[in-house]
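For reference, the structure is listed below as structure tokens.
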Protein chains: 2
Amino acid sequence: MTTTRDIAARLNVSVSTVGRALADDPRISAETKFRVKQTADELGYVANRAARMMRGVPSTVIGLVVPDVRNSFYSTVAHALTETVRSRDHQVMLCETGDERETELRQIRDLAAVQVAGVVIVPTPRPHPDVRRLLQAIPHVQLNRRVSGLSPHWFGIDDHGVTRTATRHLLDLGHRKIGYIGGTVDIRTGAERLGGFRDAISEAGLPVECGVVDLGPPSQTTHGADALRRLLSWAEPPTAIVTGTVQMTVGVLAAAHEDRLAVPRSVSVVGFGDEPGFSWWGPGLTTVALPIHELATACGVWLLHQLETTGATAHPTAFASASPGTLIVRGSTAEPAVVRRPARASRAAR
Amino acid sequence: MTTTRDIAARLNVSVSTVGRALADDPRISAETKFRVKQTADELGYVANRAARMMRGVPSTVIGLVVPDVRNSFYSTVAHALTETVRSRDHQVMLCETGDERETELRQIRDLAAVQVAGVVIVPTPRPHPDVRRLLQAIPHVQLNRRVSGLSPHWFGIDDHGVTRTATRHLLDLGHRKIGYIGGTVDIRTGAERLGGFRDAISEAGLPVECGVVDLGPPSQTTHGADALRRLLSWAEPPTAIVTGTVQMTVGVLAAAHEDRLAVPRSVSVVGFGDEPGFSWWGPGLTTVALPIHELATACGVWLLHQLETTGATAHPTAFASASPGTLIVRGSTAEPAVVRRPARASRAAR
DNA sequence: TTGAAAGCGCTAACAC
DNA sequence: GTGTTAGCGCTTTCAA
């Protein structure tokens, strides 16, 4: 690796001249600058960031901490963030937690060691105290999920609104028994989404029993599949299903396809998020699309802004941004048909 | 940020003692070690990697350079690599090229500046000369794609074999006019896959005209959709389609769904890769599944191995590993039915 | 307009 | 078993 010293030696100038020329210092003559830059180019000089950082120049690395990038929600986030910070000469260090506290702690430790400039984190349900402590010294933003003890800056979606919209759509169609398959309430997003589901039902003036619930770990597709089968095997099964996470939606779709469920005839389905494939599933999945890309971009821009205005780092004013989802009506939802069939059947039985 | 000096001051020992204690140097007494480690813990000490690197300690950062992480092929790669290197105390820096040379160059520059230990790269078709030069100084492995001028170490899939398998499956079913929708041949994988398609046809003793081809930019879903429509609007349209990239497969599936194509009755389809959603598309997509996770893991392990055996860095023995795909037969392929219909139609016309 | 020198936090060679 | 010291590549005073 060529250093400033190599360039200096080659041009018979001092290292400081080289440094200044490279930094476009006004005190350096145009000619010297030109020669320095030219030989720097020739030698393929790339400034050593480690050395720079030792001089107090802030790092340009942003840590991104997510449960699993394979989850398309987070790969979209990774893409958008990478794109955003790249335009401002920053880099992204990718860390996966697998939704485990210990892994998360280790990742944050690594990020602290690398002296990252900032962190965008989708925290695990209850982060390790050390994570909280370490992050106190690092500018960071919470994404999607929000836990206490971390930065009050948060970017997420309007979780409550998303499931409320989805549920209301089903209620408007006339469904009176709706199943909800979502994430457990230990994670705030899980609680919010369940709340949206429940509120939609009570707002429609219906008793709580109209909503049946099956919760599980948010990123496990198998739970989506299992839950669907459980709910539909009830004595009085729901006539419609609302899902509360992308992964569970995928699970539900897979199970419904395998079991050859008649959608929307025997059961309506509203999904969560809009992935490639949702549009061609069965009759087309009615779902709530999320502005993930915009969300992550906003999050990145905000963080970079925080980093620039270093002086104001200390102002701990909470900032929370919740982006709304958009209902996309396709073929998987319709008026409940089954309600009449049992009625007829019971009459016939008499 | 607490430094070794802080710890030293607090314990009235020298910085070197602290450094040695932290490094578990055998010369340090157990007691001193204990005290040092304890106060290090107390003060929340995290070693400054920048300073360490200046002392020649190798970086623990691996650069991952891919076209776009949203492409599930690459998000799987990102996941597997992150996982693999994490288990050996390394981190992944994520870089996207968008398949553009200039962006790629910039990313590699950044990676060089951060002094990454190594790089896993999915190169653009013809990388900038500076990329080649910069990478000469950095241990790296090519993933999936392979270009000349970079490291001879490459991990990819058996591109030729994948499309050959797919095509042969269709030939076995009796198809005699097959369309191929894939990536352009400027990228080696594109050329290989097209070759596999063509070879399968000639191996079956059929003339080249049996294969009709429509190529485009590999990661553009729209091209998949457009190409499908183009091929099927021919006077004598193919009775089956083979796709050559994941993204194009997605495009083909979307278009086929929109246009309500009768698959496999009027046309059979074999996909590339196996994404969530492929199984529930139409009658279920017959496709060639790829061992992406294993591929990326192998790639990571190999790179880390190279980094450990530093002395052997110079041995430029080529290493190429091509993993085979697996044909998964679902409902989107069947014997060609249409061949008889035109025959009848022409007779009726006379 | 340029040079000399100090120092960021850490490691390692050389004392003792 | 521990302390002293030099130096990694860069930026930034302070001199000239």
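Residues are named by chain letter and number: chains run A, B, ... in the order of the structure tokens, numbers start at 1 in each chain, and ligands are numbered from 1 in the order shown.
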
* Asked: Using only C-alpha atoms (C1' of nucleotides), which residues sit within 12 Å of B:Glu308 once same-chain residues fewer than 6 positions away are excluded, as a list in words?
  ->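 My list of contacting residues is Pro58, Ser59, Thr60, Arg88, Ala117, Gly118, Pro139, Val301 and Trp302 of chain B.
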
* Asked: Which polymer residues have any atom within 7 Å of an atom of stretch 2-14 of chain C, counting only C-alpha atoms (C1' of nucleotides), with same-chain residues fewer than 2 positions away left out, as a list in words?
  ->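 The contact residues come out as Ser14, Thr17, Met54 and Arg55 of chain A; Asn48, Ala51, Arg52 and Arg55 of chain B.
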
* To do: Excluding D:DG3 and residues on its chain fewer than 6 positions from it, collect all residues at most 9 Å away from it, counting only C-alpha atoms (C1' of nucleotides), and give them as a PyMOL selection string.
  => (chain B and resi 13-17) or (chain C and resi 15-16)

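When atom CA of B:Leu94 is paired with atom CA of B:Thr297, their separation reads 16.0 Å.
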
* To do: Kindly provide, as a ChimeraX atom specification, the residues of chain D having any atom no farther than 12 Å from an atom of chain A, counting only C-alpha atoms (C1' of nucleotides).
  => /D:8-13

* Asked: Out of stretch 120-323 of chain B, which residues get alpha helix (DSSP H) from DSSP, as a VMD selection string?
  -> chain B and resid 129 to 136 159 to 173 188 to 203 221 to 232 246 to 258 292 to 308

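Atom CA of A:Asp99 is found 14.1 Å from atom CA of A:Gly190.
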
* Exercise: B:Ala256 partners within 10 Å, only C-alpha atoms (C1' of nucleotides), chain neighbours under 3 positions left out, as an NGL selection string -> (:A and (280)) or (:B and (225 or 228-229 or 250-253 or 259-263 or 267 or 269 or 281-282))

File of the preceding selection, N, CA and C atoms, as an mmCIF file, in the first residue's frame:
```
data_model
loop_
_atom_site.group_PDB
_atom_site.id
_atom_site.type_symbol
_atom_site.label_atom_id
_atom_site.label_comp_id
_atom_site.auth_asym_id
_atom_site.auth_seq_id
_atom_site.Cartn_x
_atom_site.Cartn_y
_atom_site.Cartn_z
ATOM 1 N N TRP A 280 -49.125 -13.332 -7.350
ATOM 2 C CA TRP A 280 -49.535 -14.497 -8.124
ATOM 3 C C TRP A 280 -49.936 -15.687 -7.259
ATOM 4 N N ALA B 225 -40.441 -10.682 -18.361
ATOM 5 C CA ALA B 225 -41.831 -10.556 -18.770
ATOM 6 C C ALA B 225 -41.937 -10.248 -20.267
ATOM 7 N N LEU B 228 -40.922 -13.193 -22.553
ATOM 8 C CA LEU B 228 -41.938 -14.243 -22.618
ATOM 9 C C LEU B 228 -42.988 -13.881 -23.663
ATOM 10 N N ARG B 229 -43.453 -12.646 -23.587
ATOM 11 C CA ARG B 229 -44.494 -12.205 -24.519
ATOM 12 C C ARG B 229 -43.981 -12.199 -25.955
ATOM 13 N N VAL B 250 -38.728 -14.595 -12.151
ATOM 14 C CA VAL B 250 -39.773 -13.835 -11.480
ATOM 15 C C VAL B 250 -40.594 -13.047 -12.507
ATOM 16 N N GLY B 251 -39.902 -12.431 -13.451
ATOM 17 C CA GLY B 251 -40.596 -11.669 -14.490
ATOM 18 C C GLY B 251 -41.503 -12.553 -15.326
ATOM 19 N N VAL B 252 -40.996 -13.707 -15.705
ATOM 20 C CA VAL B 252 -41.772 -14.646 -16.515
ATOM 21 C C VAL B 252 -43.021 -15.091 -15.760
ATOM 22 N N LEU B 253 -42.849 -15.404 -14.491
ATOM 23 C CA LEU B 253 -43.982 -15.868 -13.702
ATOM 24 C C LEU B 253 -45.048 -14.773 -13.584
ATOM 25 N N ASP B 259 -51.140 -12.645 -17.871
ATOM 26 C CA ASP B 259 -51.730 -12.988 -19.165
ATOM 27 C C ASP B 259 -52.576 -14.259 -19.102
ATOM 28 N N ARG B 260 -52.688 -14.815 -17.907
ATOM 29 C CA ARG B 260 -53.470 -16.037 -17.699
ATOM 30 C C ARG B 260 -53.073 -17.148 -18.669
ATOM 31 N N LEU B 261 -51.779 -17.308 -18.808
ATOM 32 C CA LEU B 261 -51.270 -18.386 -19.664
ATOM 33 C C LEU B 261 -51.652 -19.730 -19.077
ATOM 34 N N ALA B 262 -52.007 -20.656 -19.919
ATOM 35 C CA ALA B 262 -52.340 -21.999 -19.441
ATOM 36 C C ALA B 262 -51.048 -22.811 -19.325
ATOM 37 N N VAL B 263 -50.535 -22.890 -18.114
ATOM 38 C CA VAL B 263 -49.313 -23.648 -17.864
ATOM 39 C C VAL B 263 -49.681 -24.889 -17.082
ATOM 40 N N VAL B 267 -48.073 -24.025 -22.534
ATOM 41 C CA VAL B 267 -46.626 -23.865 -22.497
ATOM 42 C C VAL B 267 -46.071 -24.352 -21.154
ATOM 43 N N VAL B 269 -42.953 -24.450 -18.295
ATOM 44 C CA VAL B 269 -41.940 -23.501 -17.809
ATOM 45 C C VAL B 269 -41.016 -24.171 -16.805
ATOM 46 N N TRP B 281 -46.702 -20.856 -7.244
ATOM 47 C CA TRP B 281 -47.062 -20.183 -8.487
ATOM 48 C C TRP B 281 -47.811 -21.158 -9.379
ATOM 49 N N GLY B 282 -48.956 -20.751 -9.862
ATOM 50 C CA GLY B 282 -49.755 -21.576 -10.761
ATOM 51 C C GLY B 282 -49.806 -23.021 -10.284
#
```

According to DSSP computed on the backbone, where in stretch 1-75 of chain A is there strand (DSSP E or B)? Give the residues as a PDB file with C-alpha atoms, in the first residue's frame.
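Contents of the output file part.pdb:
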```pdb
ATOM      1  CA  VAL A  61     -18.944   3.184   8.773  1.00  0.00           C
ATOM      2  CA  ILE A  62     -22.569   2.709   9.713  1.00  0.00           C
ATOM      3  CA  GLY A  63     -23.551  -0.501  11.440  1.00  0.00           C
ATOM      4  CA  LEU A  64     -26.785  -2.141  10.359  1.00  0.00           C
ATOM      5  CA  VAL A  65     -28.107  -4.641  12.864  1.00  0.00           C
ATOM      6  CA  VAL A  66     -31.000  -6.822  11.717  1.00  0.00           C
TER       7      VAL A  66
END
```

* **8 Å contact set for A:Arg109, only C-alpha atoms (C1' of nucleotides), chain neighbours under 3 positions out, as a ChimeraX atom specification** => /A:105-106,112-113,131,134 /B:46

* Straight-line distance linking atom CA of B:Trp234 with atom CA of B:Val162, stated in Å to one decimal ->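 Computed distance, atom CA of B:Trp234 to atom CA of B:Val162, equals 26.2 Å.
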
* Who sits within 12 Å of A:Pro129, only C-alpha atoms (C1' of nucleotides), same chain under 6 positions skipped, as a list in words ->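 The filter keeps Arg101, Glu102, Glu104, Leu105, Ile108, Leu135, Gln136, Ser148, Gly149 and Leu150 of chain A; Gly44 of chain B.
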
* Hey, which of A:Ile181, A:Ile138, A:Val77, A:Leu171 ends up closest to A:Ala204? Count only C-alpha atoms. ->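 Once distances to A:Ala204 are computed over only C-alpha atoms, the minimum belongs to A:Leu171.
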